[in-house]
>>> print(open('data.txt').read())   # compact mmCIF, C-alpha atoms (C1' of nucleotides)
# COMPACT_ATOMS: atom_id res chain seq x y z
CA MET A 779 -39.86 23.81 18.48
CA THR A 780 -37.52 24.45 15.61
CA ASN A 781 -39.15 26.19 12.70
CA LEU A 782 -38.85 23.49 10.09
CA ASP A 783 -40.59 25.44 7.34
CA ILE A 784 -37.26 27.10 6.74
CA LEU A 785 -36.20 23.80 5.13
CA LYS A 786 -38.50 24.65 2.23
CA GLU A 787 -37.28 28.18 1.87
CA LYS A 788 -33.53 28.11 1.45
CA TYR A 789 -30.54 25.98 0.63
CA PHE A 790 -29.03 23.64 3.18
CA PHE A 791 -26.05 21.40 3.25
CA MET A 792 -26.21 18.65 5.87
CA PRO A 793 -23.06 16.82 6.87
CA ASP A 794 -23.57 13.17 7.68
CA ALA A 795 -23.53 12.42 11.38
CA THR A 796 -24.26 8.78 10.71
CA ARG A 797 -23.80 7.58 14.26
CA GLY A 798 -24.82 10.80 15.90
CA ALA A 799 -21.54 12.62 15.43
CA VAL A 800 -19.87 14.33 12.53
CA ARG A 801 -16.59 12.49 12.61
CA TYR A 802 -13.82 14.33 14.41
CA LEU A 803 -15.90 17.38 15.24
CA THR A 804 -17.35 18.42 18.53
CA THR A 805 -20.87 19.76 18.36
CA LYS A 806 -19.48 23.23 19.01
CA GLN A 807 -17.04 22.93 16.13
CA LEU A 808 -19.90 21.71 13.99
CA GLU A 809 -21.93 24.82 14.81
CA GLU A 810 -18.97 27.05 14.01
CA THR A 811 -18.84 25.75 10.44
CA GLY A 812 -22.21 27.38 9.86
CA THR A 813 -24.01 24.04 9.78
CA GLU A 814 -27.70 24.27 10.58
CA ALA A 815 -28.87 20.72 9.88
CA ILE A 816 -27.34 17.25 10.03
CA VAL A 817 -28.35 13.75 8.92
CA THR A 818 -28.11 10.77 11.20
CA ASN A 819 -28.76 7.19 10.22
CA THR A 820 -31.56 4.96 11.40
CA LEU A 821 -29.81 1.69 10.75
CA HIS A 822 -26.53 2.62 12.40
CA LEU A 823 -28.25 4.07 15.45
CA LEU A 824 -30.55 1.05 15.62
CA ILE A 825 -27.52 -1.16 16.21
CA HIS A 826 -25.63 1.27 18.46
CA PRO A 827 -26.66 2.52 20.91
CA GLY A 828 -30.20 1.44 20.05
CA PRO A 829 -33.36 3.53 19.83
CA ASP A 830 -34.48 2.85 23.40
CA VAL A 831 -31.21 4.06 24.81
CA ILE A 832 -31.37 7.21 22.73
CA GLN A 833 -34.93 7.81 23.85
CA GLN A 834 -33.98 7.34 27.50
CA LEU A 835 -31.17 9.83 27.05
CA GLY A 836 -33.64 12.37 25.78
CA GLY A 837 -33.15 11.96 22.06
CA ILE A 838 -30.26 12.50 19.69
CA LYS A 839 -30.31 16.28 19.98
CA LYS A 840 -29.96 16.21 23.73
CA MET A 841 -27.29 13.54 23.49
CA MET A 842 -25.29 15.61 21.07
CA GLY A 843 -26.05 18.96 22.60
CA TRP A 844 -27.15 19.98 19.12
CA LYS A 845 -29.64 22.81 18.71
CA GLY A 846 -29.99 22.58 14.94
CA ILE A 847 -32.14 20.45 12.72
CA VAL A 848 -31.76 16.66 12.61
CA PHE A 849 -32.74 14.43 9.74
CA THR A 850 -32.80 10.67 10.09
CA ASP A 851 -32.08 8.72 6.97
CA SER A 852 -34.36 5.71 6.95
CA GLY A 853 -31.78 2.98 6.43
CA GLY A 854 -32.91 2.28 2.87
CA PHE A 855 -29.51 3.09 1.46
CA GLN A 856 -27.83 0.76 3.94
CA LEU A 857 -30.16 -2.07 2.99
CA PHE A 858 -28.81 -1.60 -0.48
CA SER A 859 -25.16 -1.06 0.26
CA LEU A 860 -24.85 -3.71 2.94
CA LEU A 861 -27.43 -6.35 2.08
CA HIS A 862 -27.91 -6.23 -1.67
CA SER A 863 -24.15 -6.13 -2.12
CA LYS A 864 -23.87 -9.08 0.28
CA LYS A 865 -21.47 -7.35 2.60
CA TRP A 866 -23.84 -8.18 5.41
CA LYS A 867 -25.95 -11.28 5.87
CA GLY A 868 -29.63 -10.65 5.57
CA LYS A 869 -32.51 -10.42 3.15
CA VAL A 870 -34.83 -7.80 1.84
CA SER A 871 -38.43 -8.84 1.29
CA GLU A 872 -41.79 -7.24 0.63
CA ASN A 873 -42.25 -6.58 4.33
CA GLY A 874 -38.86 -5.03 4.96
CA ALA A 875 -35.46 -6.43 5.81
CA THR A 876 -33.94 -8.75 8.37
CA PHE A 877 -30.22 -8.84 8.87
CA LYS A 878 -27.43 -9.64 11.27
CA SER A 879 -24.90 -7.15 12.46
CA PRO A 880 -21.57 -8.74 11.58
CA LYS A 881 -19.77 -7.71 14.75
CA GLU A 882 -22.16 -8.88 17.44
CA GLY A 883 -24.29 -11.24 15.40
CA ASN A 884 -27.55 -9.76 16.65
CA THR A 885 -30.52 -10.01 14.34
CA TYR A 886 -32.49 -6.90 13.45
CA GLU A 887 -35.60 -6.18 11.50
CA LEU A 888 -36.21 -2.99 9.61
CA THR A 889 -39.69 -2.47 8.19
CA PRO A 890 -41.43 0.72 7.11
CA GLU A 891 -43.20 0.79 10.48
CA SER A 892 -40.14 0.03 12.58
CA SER A 893 -38.11 2.56 10.63
CA ILE A 894 -40.59 5.27 11.63
CA ASP A 895 -40.66 4.03 15.22
CA ILE A 896 -36.88 4.11 15.41
CA GLN A 897 -36.69 7.56 13.88
CA MET A 898 -39.23 8.81 16.40
CA LYS A 899 -37.26 7.37 19.28
CA ILE A 900 -34.07 8.90 17.92
CA GLY A 901 -35.91 12.17 18.11
CA SER A 902 -35.25 13.56 14.65
CA ASP A 903 -37.01 16.58 13.19
CA VAL A 904 -37.42 15.26 9.69
CA LEU A 905 -38.08 11.61 9.01
CA VAL A 906 -37.43 9.75 5.77
CA THR A 907 -39.55 6.87 4.52
CA LEU A 908 -37.90 3.50 4.10
CA ASP A 909 -37.15 2.94 0.43
CA ASP A 910 -35.92 0.13 -1.78
CA CYS A 911 -32.63 1.53 -3.00
CA ARG A 912 -30.71 -0.22 -5.77
CA ASP A 913 -27.57 0.16 -7.81
CA THR A 914 -27.37 2.06 -11.09
CA GLY A 915 -27.67 0.15 -14.34
CA LEU A 916 -30.70 -1.71 -13.02
CA SER A 917 -32.88 -3.71 -15.39
CA ARG A 918 -36.27 -2.26 -16.21
CA ALA A 919 -38.03 -5.06 -14.32
CA ASP A 920 -35.92 -4.57 -11.21
CA ALA A 921 -36.35 -0.81 -11.38
CA GLU A 922 -40.14 -1.23 -11.55
CA LYS A 923 -40.04 -3.58 -8.60
CA SER A 924 -37.97 -1.10 -6.64
CA VAL A 925 -40.41 1.71 -7.41
CA GLU A 926 -43.49 -0.31 -6.49
CA ARG A 927 -41.95 -1.44 -3.24
CA THR A 928 -40.76 2.07 -2.44
CA LEU A 929 -44.31 3.38 -3.00
CA LYS A 930 -45.89 0.71 -0.79
CA TRP A 931 -43.38 1.31 1.92
CA ALA A 932 -43.92 5.06 1.69
CA VAL A 933 -47.63 4.56 2.31
CA ARG A 934 -46.94 2.32 5.27
CA CYS A 935 -44.48 4.85 6.69
CA LYS A 936 -46.96 7.67 6.38
CA GLU A 937 -49.74 5.63 7.97
CA ARG A 938 -47.47 4.74 10.85
CA PHE A 939 -46.41 8.36 11.28
CA ASN A 940 -50.01 9.57 11.28
CA ASN A 941 -51.82 6.78 13.08
CA GLU A 942 -49.27 6.05 15.76
CA TYR A 943 -47.87 9.49 16.39
CA GLY A 944 -50.45 11.93 15.08
CA GLY A 945 -48.41 13.14 12.14
CA THR A 946 -46.93 16.59 11.75
CA LYS A 947 -49.81 18.24 13.60
CA LYS A 948 -49.13 16.48 16.83
CA THR A 949 -45.38 15.94 16.60
CA GLY A 950 -44.25 19.05 14.79
CA LYS A 951 -41.99 16.79 12.75
CA LEU A 952 -41.87 16.48 9.00
CA LEU A 953 -42.01 13.35 6.88
CA THR A 954 -40.18 13.14 3.58
CA CYS A 955 -40.19 10.36 1.02
CA VAL A 956 -37.64 8.94 -1.39
CA VAL A 957 -38.11 8.80 -5.16
CA GLN A 958 -36.65 5.78 -6.91
CA GLY A 959 -36.73 4.66 -10.55
CA SER A 960 -33.07 4.18 -11.35
CA ASN A 961 -32.11 5.61 -14.75
CA TYR A 962 -35.59 5.32 -16.27
CA LEU A 963 -36.99 8.82 -16.66
CA ASP A 964 -40.60 7.68 -16.92
CA LEU A 965 -40.25 5.56 -13.78
CA ARG A 966 -38.72 8.51 -11.94
CA ALA A 967 -41.62 10.68 -13.05
CA TYR A 968 -44.16 8.01 -12.17
CA CYS A 969 -42.67 7.45 -8.73
CA ALA A 970 -42.61 11.20 -8.07
CA LYS A 971 -46.25 11.60 -9.13
CA GLU A 972 -47.48 8.69 -7.06
CA LEU A 973 -45.63 9.92 -4.01
CA SER A 974 -47.06 13.39 -4.58
CA LYS A 975 -50.56 11.91 -4.51
CA ILE A 976 -49.81 10.42 -1.11
CA GLY A 977 -48.42 13.76 0.00
CA PHE A 978 -45.20 14.42 1.88
CA ASP A 979 -43.30 17.38 3.26
CA GLY A 980 -40.34 16.59 1.08
CA TYR A 981 -39.30 14.60 -1.94
CA ASN A 982 -35.83 13.15 -1.86
CA PHE A 983 -33.94 12.01 -4.91
CA GLY A 984 -32.77 8.50 -4.05
CA GLY A 985 -30.59 5.90 -5.64
CA TYR A 986 -27.22 6.64 -7.11
CA VAL A 987 -26.71 10.22 -8.13
CA ILE A 988 -23.77 9.75 -10.44
CA ASP A 989 -23.41 7.55 -13.49
CA LYS A 990 -20.51 5.25 -14.24
CA ASP A 991 -18.50 8.17 -15.58
CA GLY A 992 -19.00 10.13 -12.39
CA GLU A 993 -21.47 12.56 -14.00
CA LEU A 994 -24.47 13.80 -12.04
CA VAL A 995 -27.67 12.19 -13.34
CA VAL A 996 -29.31 15.53 -14.13
CA ASP A 997 -32.01 14.12 -16.42
CA GLU A 998 -33.28 11.74 -13.77
CA MET A 999 -33.11 14.49 -11.19
CA SER A 1000 -35.09 16.84 -13.41
CA ALA A 1001 -37.73 14.20 -14.09
CA VAL A 1002 -38.37 14.03 -10.37
CA ILE A 1003 -38.43 17.78 -9.72
CA GLU A 1004 -40.92 18.35 -12.55
CA ASN A 1005 -43.42 16.01 -10.92
CA VAL A 1006 -43.26 17.12 -7.34
CA PRO A 1007 -45.24 19.90 -5.60
CA LYS A 1008 -43.70 23.31 -5.02
CA ASP A 1009 -43.06 24.54 -1.49
CA THR A 1010 -41.66 21.24 -0.36
CA ILE A 1011 -38.23 20.04 0.64
CA ARG A 1012 -36.32 18.82 -2.38
CA TYR A 1013 -33.41 16.82 -1.05
CA ALA A 1014 -30.75 15.47 -3.40
CA MET A 1015 -29.45 12.60 -1.31
CA GLY A 1016 -25.75 12.06 -1.62
CA VAL A 1017 -25.05 15.15 -3.74
CA GLY A 1018 -22.24 15.79 -4.06
CA LYS A 1019 -19.16 17.51 -5.35
CA PRO A 1020 -19.34 21.31 -5.12
CA GLU A 1021 -20.04 21.67 -8.84
CA ASP A 1022 -22.77 19.02 -8.62
CA ILE A 1023 -24.47 20.85 -5.78
CA VAL A 1024 -24.52 23.96 -7.95
CA LYS A 1025 -25.97 21.93 -10.84
CA ALA A 1026 -28.60 20.29 -8.65
CA SER A 1027 -29.57 23.64 -7.15
CA LYS A 1028 -30.24 25.00 -10.63
CA ILE A 1029 -32.57 22.08 -11.35
CA GLY A 1030 -34.51 22.90 -8.20
CA TYR A 1031 -33.04 20.93 -5.33
CA ASN A 1032 -32.44 22.84 -2.12
CA LEU A 1033 -31.07 20.31 0.34
CA PHE A 1034 -27.91 18.23 0.06
CA ASP A 1035 -25.70 15.87 1.94
CA THR A 1036 -22.61 13.89 1.03
CA VAL A 1037 -19.89 12.01 2.81
CA LEU A 1038 -17.33 13.51 0.45
CA VAL A 1039 -16.93 16.59 2.61
CA THR A 1040 -15.86 14.80 5.75
CA ARG A 1041 -14.35 11.68 4.25
CA ASN A 1042 -12.24 13.56 1.76
CA ALA A 1043 -11.06 15.87 4.50
CA ARG A 1044 -9.79 12.84 6.38
CA HIS A 1045 -8.21 11.47 3.23
CA GLY A 1046 -6.51 14.75 2.39
CA THR A 1047 -8.63 16.04 -0.49
CA LEU A 1048 -9.66 19.59 0.30
CA TYR A 1049 -12.12 21.87 -1.42
CA THR A 1050 -11.03 25.46 -1.89
CA SER A 1051 -11.95 28.56 -3.86
CA GLN A 1052 -9.05 27.61 -6.16
CA GLY A 1053 -10.23 24.05 -6.70
CA VAL A 1054 -9.17 20.81 -5.11
CA VAL A 1055 -6.03 20.73 -2.96
CA ARG A 1056 -4.43 17.44 -1.98
CA ILE A 1057 -2.79 18.25 1.29
CA LYS A 1058 -0.77 15.02 1.47
CA ASN A 1059 1.08 15.72 -1.77
CA SER A 1060 4.76 16.53 -1.44
CA GLU A 1061 4.39 20.03 -2.87
CA MET A 1062 2.58 20.98 0.37
CA ALA A 1063 5.52 20.17 2.62
CA LEU A 1064 6.88 23.72 2.67
CA ASP A 1065 3.76 25.60 1.64
CA GLN A 1066 3.14 28.25 4.26
CA ALA A 1067 -0.15 29.44 2.82
CA PRO A 1068 -3.45 28.48 4.46
CA VAL A 1069 -5.52 25.79 2.78
CA ASP A 1070 -7.70 28.50 1.25
CA ARG A 1071 -6.83 32.22 1.43
CA GLU A 1072 -10.48 33.13 1.02
CA CYS A 1073 -11.65 30.95 3.88
CA ASN A 1074 -12.07 32.22 7.39
CA CYS A 1075 -12.44 28.93 9.24
CA GLU A 1076 -10.41 28.00 12.29
CA CYS A 1077 -8.13 25.86 10.14
CA CYS A 1078 -7.39 28.52 7.54
CA ARG A 1079 -7.06 31.35 10.07
CA ASN A 1080 -4.43 29.58 12.13
CA TYR A 1081 -2.53 26.89 10.27
CA THR A 1082 -0.36 26.44 7.21
CA ARG A 1083 -0.68 23.78 4.55
CA ALA A 1084 2.78 22.58 5.55
CA TYR A 1085 1.72 21.96 9.13
CA LEU A 1086 -1.47 20.17 8.11
CA HIS A 1087 0.50 18.12 5.56
CA HIS A 1088 2.87 17.01 8.29
CA MET A 1089 0.14 16.15 10.78
CA LEU A 1090 -2.04 14.24 8.35
CA LYS A 1091 0.85 12.23 6.96
CA ASN A 1092 1.98 11.29 10.43
CA GLY A 1093 -1.31 10.27 11.91
CA GLU A 1094 -2.06 13.22 14.13
CA ALA A 1095 -5.83 13.18 14.60
CA THR A 1096 -5.92 16.94 15.06
CA ALA A 1097 -5.40 17.24 11.33
CA LEU A 1098 -8.59 15.25 10.73
CA THR A 1099 -10.49 17.73 12.86
CA LEU A 1100 -9.01 20.83 11.28
CA LEU A 1101 -9.41 19.59 7.71
CA THR A 1102 -13.00 18.52 8.38
CA ILE A 1103 -13.67 21.99 9.76
CA HIS A 1104 -12.27 23.49 6.59
CA ASN A 1105 -14.11 21.30 4.09
CA LEU A 1106 -17.40 21.67 5.89
CA THR A 1107 -16.97 25.44 6.20
CA PHE A 1108 -16.23 25.57 2.47
CA TYR A 1109 -19.47 23.73 1.74
CA GLN A 1110 -21.50 25.93 4.06
CA THR A 1111 -20.04 29.00 2.42
CA LEU A 1112 -20.86 27.57 -0.99
CA ILE A 1113 -24.44 26.80 0.01
CA LYS A 1114 -25.00 30.28 1.44
CA GLY A 1115 -23.82 31.72 -1.87
CA LEU A 1116 -26.56 29.95 -3.84
CA THR A 1117 -29.23 32.48 -4.67
CA LEU A 1118 -31.68 30.95 -7.11
CA LEU A 1119 -34.42 30.15 -4.62
C1' G B 484 42.86 -13.01 19.12
C1' C B 485 40.04 -18.08 18.90
C1' A B 486 34.51 -19.78 18.24
C1' G B 487 29.73 -18.97 15.97
C1' A B 488 26.22 -16.05 12.86
C1' G B 489 25.74 -12.87 8.91
C1' G B 490 26.21 -9.00 4.80
C1' U B 491 19.61 -8.69 -0.30
C1' G B 492 16.22 -2.67 -3.27
C1' G B 493 15.39 4.12 1.00
C1' C B 494 14.69 0.93 5.74
C1' G B 495 13.19 -3.84 8.04
C1' G B 496 13.03 -8.62 6.12
C1' A B 497 11.88 -13.35 2.78
C1' G B 498 14.32 -16.19 -0.86
C1' C B 499 19.17 -20.47 -0.48
C1' G B 500 20.75 -23.33 -8.38
C1' G B 501 16.46 -21.93 -13.19
C1' U B 502 9.21 -19.78 -12.98
C1' C B 503 13.79 -13.46 -9.28
C1' A B 504 14.01 -6.94 -11.08
C1' A B 505 13.62 -10.37 -6.14
C1' A B 506 7.60 -12.20 -1.32
C1' C B 507 5.78 -9.32 2.79
C1' G B 508 5.84 -4.90 5.92
C1' C B 509 7.31 0.25 6.45
C1' A B 510 8.69 4.72 4.10
C1' U B 511 8.20 7.49 -0.46
C1' C B 512 5.24 9.23 -4.92
C1' G B 513 0.50 9.47 -7.36
C1' G B 514 -4.81 8.53 -7.63
C1' A B 515 -9.80 7.34 -5.91
C1' C B 516 -13.73 8.38 -2.58
C1' U B 517 -20.89 11.03 -3.89
C1' G B 518 -28.49 9.11 1.48
C1' U B 519 -20.20 6.57 5.59
C1' A B 520 -18.51 -1.16 7.87
C1' A B 521 -13.65 4.20 5.12
C1' A B 522 -7.77 8.33 9.92
C1' U B 523 -9.84 3.91 4.06
C1' C B 524 -8.84 1.72 -0.62
C1' C B 525 -6.05 1.31 -5.35
C1' G B 526 -1.64 1.91 -8.21
C1' A B 527 3.64 3.07 -8.82
C1' C B 528 8.26 2.48 -6.57
C1' U B 529 16.73 0.21 -10.61
C1' C B 530 17.37 2.72 -15.46
C1' C B 531 15.76 3.12 -20.67
C1' U B 532 11.52 1.92 -23.88
C1' U B 533 8.29 2.66 -30.46
C1' C B 534 5.21 -0.64 -23.98
C1' G B 535 6.67 -6.05 -27.47
C1' G B 536 10.81 -5.57 -24.52
C1' G B 537 16.06 -4.03 -23.43
C1' A B 538 20.27 -2.95 -20.01
C1' U B 539 22.48 -3.15 -15.26
C1' A B 540 21.48 -5.62 -10.20
C1' C B 541 21.36 -9.23 -4.12
C1' A B 542 29.18 -6.36 0.06
C1' C B 543 33.73 -6.95 -3.35
C1' U B 544 36.91 -10.03 -6.70
C1' G B 545 37.47 -14.40 -9.05
C1' G B 546 35.58 -19.45 -10.02
C1' U B 547 32.05 -23.90 -10.90
C1' U B 548 27.59 -24.43 -14.11
C1' C B 549 23.71 -24.35 -20.09
C1' A B 550 21.98 -21.28 -15.78
C1' A B 551 24.15 -18.10 -9.43
C1' A B 552 21.04 -13.55 -4.72
C1' U B 553 21.38 -18.87 -4.17
C1' C B 554 27.37 -23.44 -4.79
C1' C B 555 33.12 -22.76 -4.08
C1' A B 556 37.63 -19.63 -2.89
C1' G B 557 39.73 -15.21 -1.35
C1' U B 558 39.10 -10.01 0.35
C1' C B 559 36.57 -6.27 3.18
C1' C B 560 32.95 -5.25 6.83
C1' U B 561 29.04 -6.30 10.99
C1' C B 562 27.05 -8.78 15.24
C1' U B 563 27.02 -12.45 19.31
C1' G B 564 29.64 -16.01 22.83
C1' C B 565 34.88 -17.09 25.03
C1' A B 566 39.36 -14.97 26.40
>>> encode(input="data.txt", output="structure tokens")
Amino acid sequence: MTNLDILKEKYFFMPDATRGAVRYLTTKQLEETGTEAIVTNTLHLLIHPGPDVIQQLGGIKKMMGWKGIVFTDSGGFQLFSLLHSKKWKGKVSENGATFKSPKEGNTYELTPESSIDIQMKIGSDVLVTLDDCRDTGLSRADAEKSVERTLKWAVRCKERFNNEYGGTKKTGKLLTCVVQGSNYLDLRAYCAKELSKIGFDGYNFGGYVIDKDGELVVDEMSAVIENVPKDTIRYAMGVGKPEDIVKASKIGYNLFDTVLVTRNARHGTLYTSQGVVRIKNSEMALDQAPVDRECNCECCRNYTRAYLHHMLKNGEATALTLLTIHNLTFYQTLIKGLTLL
RNA sequence: GCAGAGGUGGCGGAGCGGUCAAACGCAUCGGACUGUAAAUCCGACUCCUUCGGGAUACACUGGUUCAAAUCCAGUCCUCUGCA
């Protein structure tokens, strides 16, 4: 059994392996970036390949050949981004959500209980309670509703985890919750306190982490940290740009994930010790330097900016792999350099 | 050499009298991306501009018209059938 207590003792950056794979990386390449934990997604894995299939295959870790830590995000964020925004057909109610997958048309139900069941079948190490995630700029009334629902669902998740599976004692797994409250500091504090009364292994900052100007919502994040027990996981979900991870770490968060690392790599925005480098820009065409002179990843050890520029602009998938390796290595190096804990 | 089709912005390709600085695609040049429906999306792409506009533009040269990428004549090129 993996020693999960380490999650409370140091900083981690988790790349998103939404469907059970960090896009364009093999599990070996993923390990070589210094990654120790990943996040997979309950809702995506529910649809494909389905929790029963994963269970029959021995769980996500066996499927992936991954020896590190696996988080499962509960699907709360997807209920927001796909259902509330009406990109998918479905509805969210007090009991949970029902929705149709747009490709196959199958109907699914995601409730606090089923979310836990699915996460158990996936075989994750750290589960996340289903939450009612909303957009920023929410009205007070809607924010209150979201908090109340998130609290009720958290209770139901914990009961399911304990009653059905025997909790951490029996499973060795951890259960973390999500704090909502939008931009209302008192609601954030209230939600954090109430969740603390219930008791979880970790308290995750949920909702949107940047405001409309792209600034990290540090006040909201602080309001949560101040009302949560010490010696727990403090996961800033969706954070963020390198400078925002540094900011969040100073507030007291120790665990991060963001799609920016891998998505931006694919889109040609690279993080380096000298700042952002846009590899697709024309000035890179003859640049024989590595992406980052201070980086020792496979990409920077072996390839020039010019070569990567050429490959990415011309659709060679190898570039997506190499650039993802670089960005993720940069993040893991950054996270290992954080020393406040 | 007869017959037919055609020459449009970096390329492909619409338009066939005015609302055309010219659809759409590609290429090019920027930008965005924050618990991933994303190898995606957005913008720019003749020149100048005090951002209101202004000046040149649809092979070339003339012409018809208030008005031409669009109609007419000639010139130069290209492609396809027949010899």
>>> residues_around(input="data.txt", residues="segment 1034-1048 of chain A", least_positions_apart="5", cutoff="7 Å", atoms="all atoms listed in the file", output="MDAnalysis selection string")
(chainID A and resid 790:794 1013:1018 1054:1058 1098 1101:1102 1105:1106) or (chainID B and resid 516:517 519 522)
>>> residues_around(input="data.txt", residues="segment 905-916 of chain A", least_positions_apart="2", cutoff="7 Å", atoms="all atoms listed in the file", output="JSON, numbers by chain")
{"A": [849, 850, 851, 852, 853, 854, 855, 858, 890, 893, 897, 902, 903, 918, 920, 921, 924, 927, 928, 931, 932, 935, 952, 953, 954, 955, 956, 960, 961, 985, 986]}
>>> residues_around(input="data.txt", residues="A488 of chain B", least_positions_apart="3", cutoff="12 Å", atoms="only C-alpha atoms (C1' of nucleotides)", output="list in words")
U561, C562, U563 and G564 of chain B
>>> interface_residues(input="data.txt", of="chain B", to="chain A", cutoff="12 Å", atoms="all atoms listed in the file", output="PyMOL selection string")
chain B and resi 510-524
>>> atom_distance(input="data.txt", atom1="atom CA of Glu993 of chain A", atom2="atom CA of Leu965 of chain A")
20.0 Å
>>> residues_around(input="data.txt", residues="C507 of chain B", least_positions_apart="5", cutoff="12 Å", atoms="only C-alpha atoms (C1' of nucleotides)", output="compact mmCIF listing (two decimals) with C-alpha atoms (C1' of nucleotides), keeping the file's coordinate frame")
# COMPACT_ATOMS: atom_id res chain seq x y z
C1' G B 495 13.19 -3.84 8.04
C1' G B 496 13.03 -8.62 6.12
C1' A B 497 11.88 -13.35 2.78
C1' G B 498 14.32 -16.19 -0.86
>>> closest_residue(input="data.txt", among="A:Ser1051, A:Gln834, A:Thr805, A:Thr811", to="Thr1107 of chain A", atoms="only C-alpha atoms")
A:Thr811
>>> axis_aligned_box(input="data.txt", around="segment 486-490 of chain B", padding_each_side="5 Å", output="JSON")
{"center_x": 30.1, "center_y": -14.4, "center_z": 11.5, "size_x": 18.8, "size_y": 20.8, "size_z": 23.4}
>>> residues_around(input="data.txt", residues="Tyr789 of chain A", least_positions_apart="2", cutoff="8 Å", atoms="only C-alpha atoms (C1' of nucleotides)", output="PyMOL selection string")
chain A and resi 785+787+791+1032-1033+1113-1114+1116+1119
>>> atom_distance(input="data.txt", atom1="atom CA of Leu963 of chain A", atom2="atom CA of Gly977 of chain A")
20.8 Å
>>> atom_distance(input="data.txt", atom1="atom C1' of G500 of chain B", atom2="atom C1' of G545 of chain B")
19.0 Å
>>> decode(input="data.txt", residues="segment 860-874 of chain A", atoms="N, CA and C atoms", output="mmCIF file, in the first residue's frame")
data_model
loop_
_atom_site.group_PDB
_atom_site.id
_atom_site.type_symbol
_atom_site.label_atom_id
_atom_site.label_comp_id
_atom_site.auth_asym_id
_atom_site.auth_seq_id
_atom_site.Cartn_x
_atom_site.Cartn_y
_atom_site.Cartn_z
ATOM 1 N N LEU A 860 -20.102 20.999 -18.247
ATOM 2 C CA LEU A 860 -20.842 20.386 -19.347
ATOM 3 C C LEU A 860 -22.356 20.533 -19.223
ATOM 4 N N LEU A 861 -22.867 20.484 -18.010
ATOM 5 C CA LEU A 861 -24.325 20.557 -17.859
ATOM 6 C C LEU A 861 -24.830 21.970 -17.588
ATOM 7 N N HIS A 862 -24.233 22.629 -16.613
ATOM 8 C CA HIS A 862 -24.683 23.999 -16.322
ATOM 9 C C HIS A 862 -24.510 24.897 -17.539
ATOM 10 N N SER A 863 -23.438 24.666 -18.285
ATOM 11 C CA SER A 863 -23.187 25.522 -19.454
ATOM 12 C C SER A 863 -23.969 25.033 -20.679
ATOM 13 N N LYS A 864 -24.739 23.967 -20.478
ATOM 14 C CA LYS A 864 -25.614 23.440 -21.522
ATOM 15 C C LYS A 864 -24.880 22.859 -22.727
ATOM 16 N N LYS A 865 -23.635 22.505 -22.534
ATOM 17 C CA LYS A 865 -22.933 21.846 -23.628
ATOM 18 C C LYS A 865 -23.421 20.410 -23.766
ATOM 19 N N TRP A 866 -23.809 19.838 -22.645
ATOM 20 C CA TRP A 866 -24.392 18.500 -22.666
ATOM 21 C C TRP A 866 -25.828 18.600 -22.187
ATOM 22 N N LYS A 867 -26.640 17.625 -22.618
ATOM 23 C CA LYS A 867 -28.014 17.582 -22.144
ATOM 24 C C LYS A 867 -28.061 16.820 -20.821
ATOM 25 N N GLY A 868 -28.732 17.427 -19.863
ATOM 26 C CA GLY A 868 -28.858 16.761 -18.583
ATOM 27 C C GLY A 868 -29.306 17.760 -17.542
ATOM 28 N N LYS A 869 -29.530 17.280 -16.330
ATOM 29 C CA LYS A 869 -29.918 18.222 -15.278
ATOM 30 C C LYS A 869 -29.289 17.845 -13.947
ATOM 31 N N VAL A 870 -29.048 18.875 -13.182
ATOM 32 C CA VAL A 870 -28.490 18.684 -11.857
ATOM 33 C C VAL A 870 -29.606 18.950 -10.861
ATOM 34 N N SER A 871 -29.824 18.006 -9.950
ATOM 35 C CA SER A 871 -30.860 18.201 -8.946
ATOM 36 C C SER A 871 -30.274 17.938 -7.572
ATOM 37 N N GLU A 872 -31.155 17.977 -6.572
ATOM 38 C CA GLU A 872 -30.706 17.780 -5.194
ATOM 39 C C GLU A 872 -30.060 16.405 -5.002
ATOM 40 N N ASN A 873 -30.508 15.447 -5.756
ATOM 41 C CA ASN A 873 -29.996 14.087 -5.584
ATOM 42 C C ASN A 873 -28.686 13.845 -6.310
ATOM 43 N N GLY A 874 -28.415 14.640 -7.333
ATOM 44 C CA GLY A 874 -27.233 14.413 -8.148
ATOM 45 C C GLY A 874 -27.494 14.909 -9.554
#
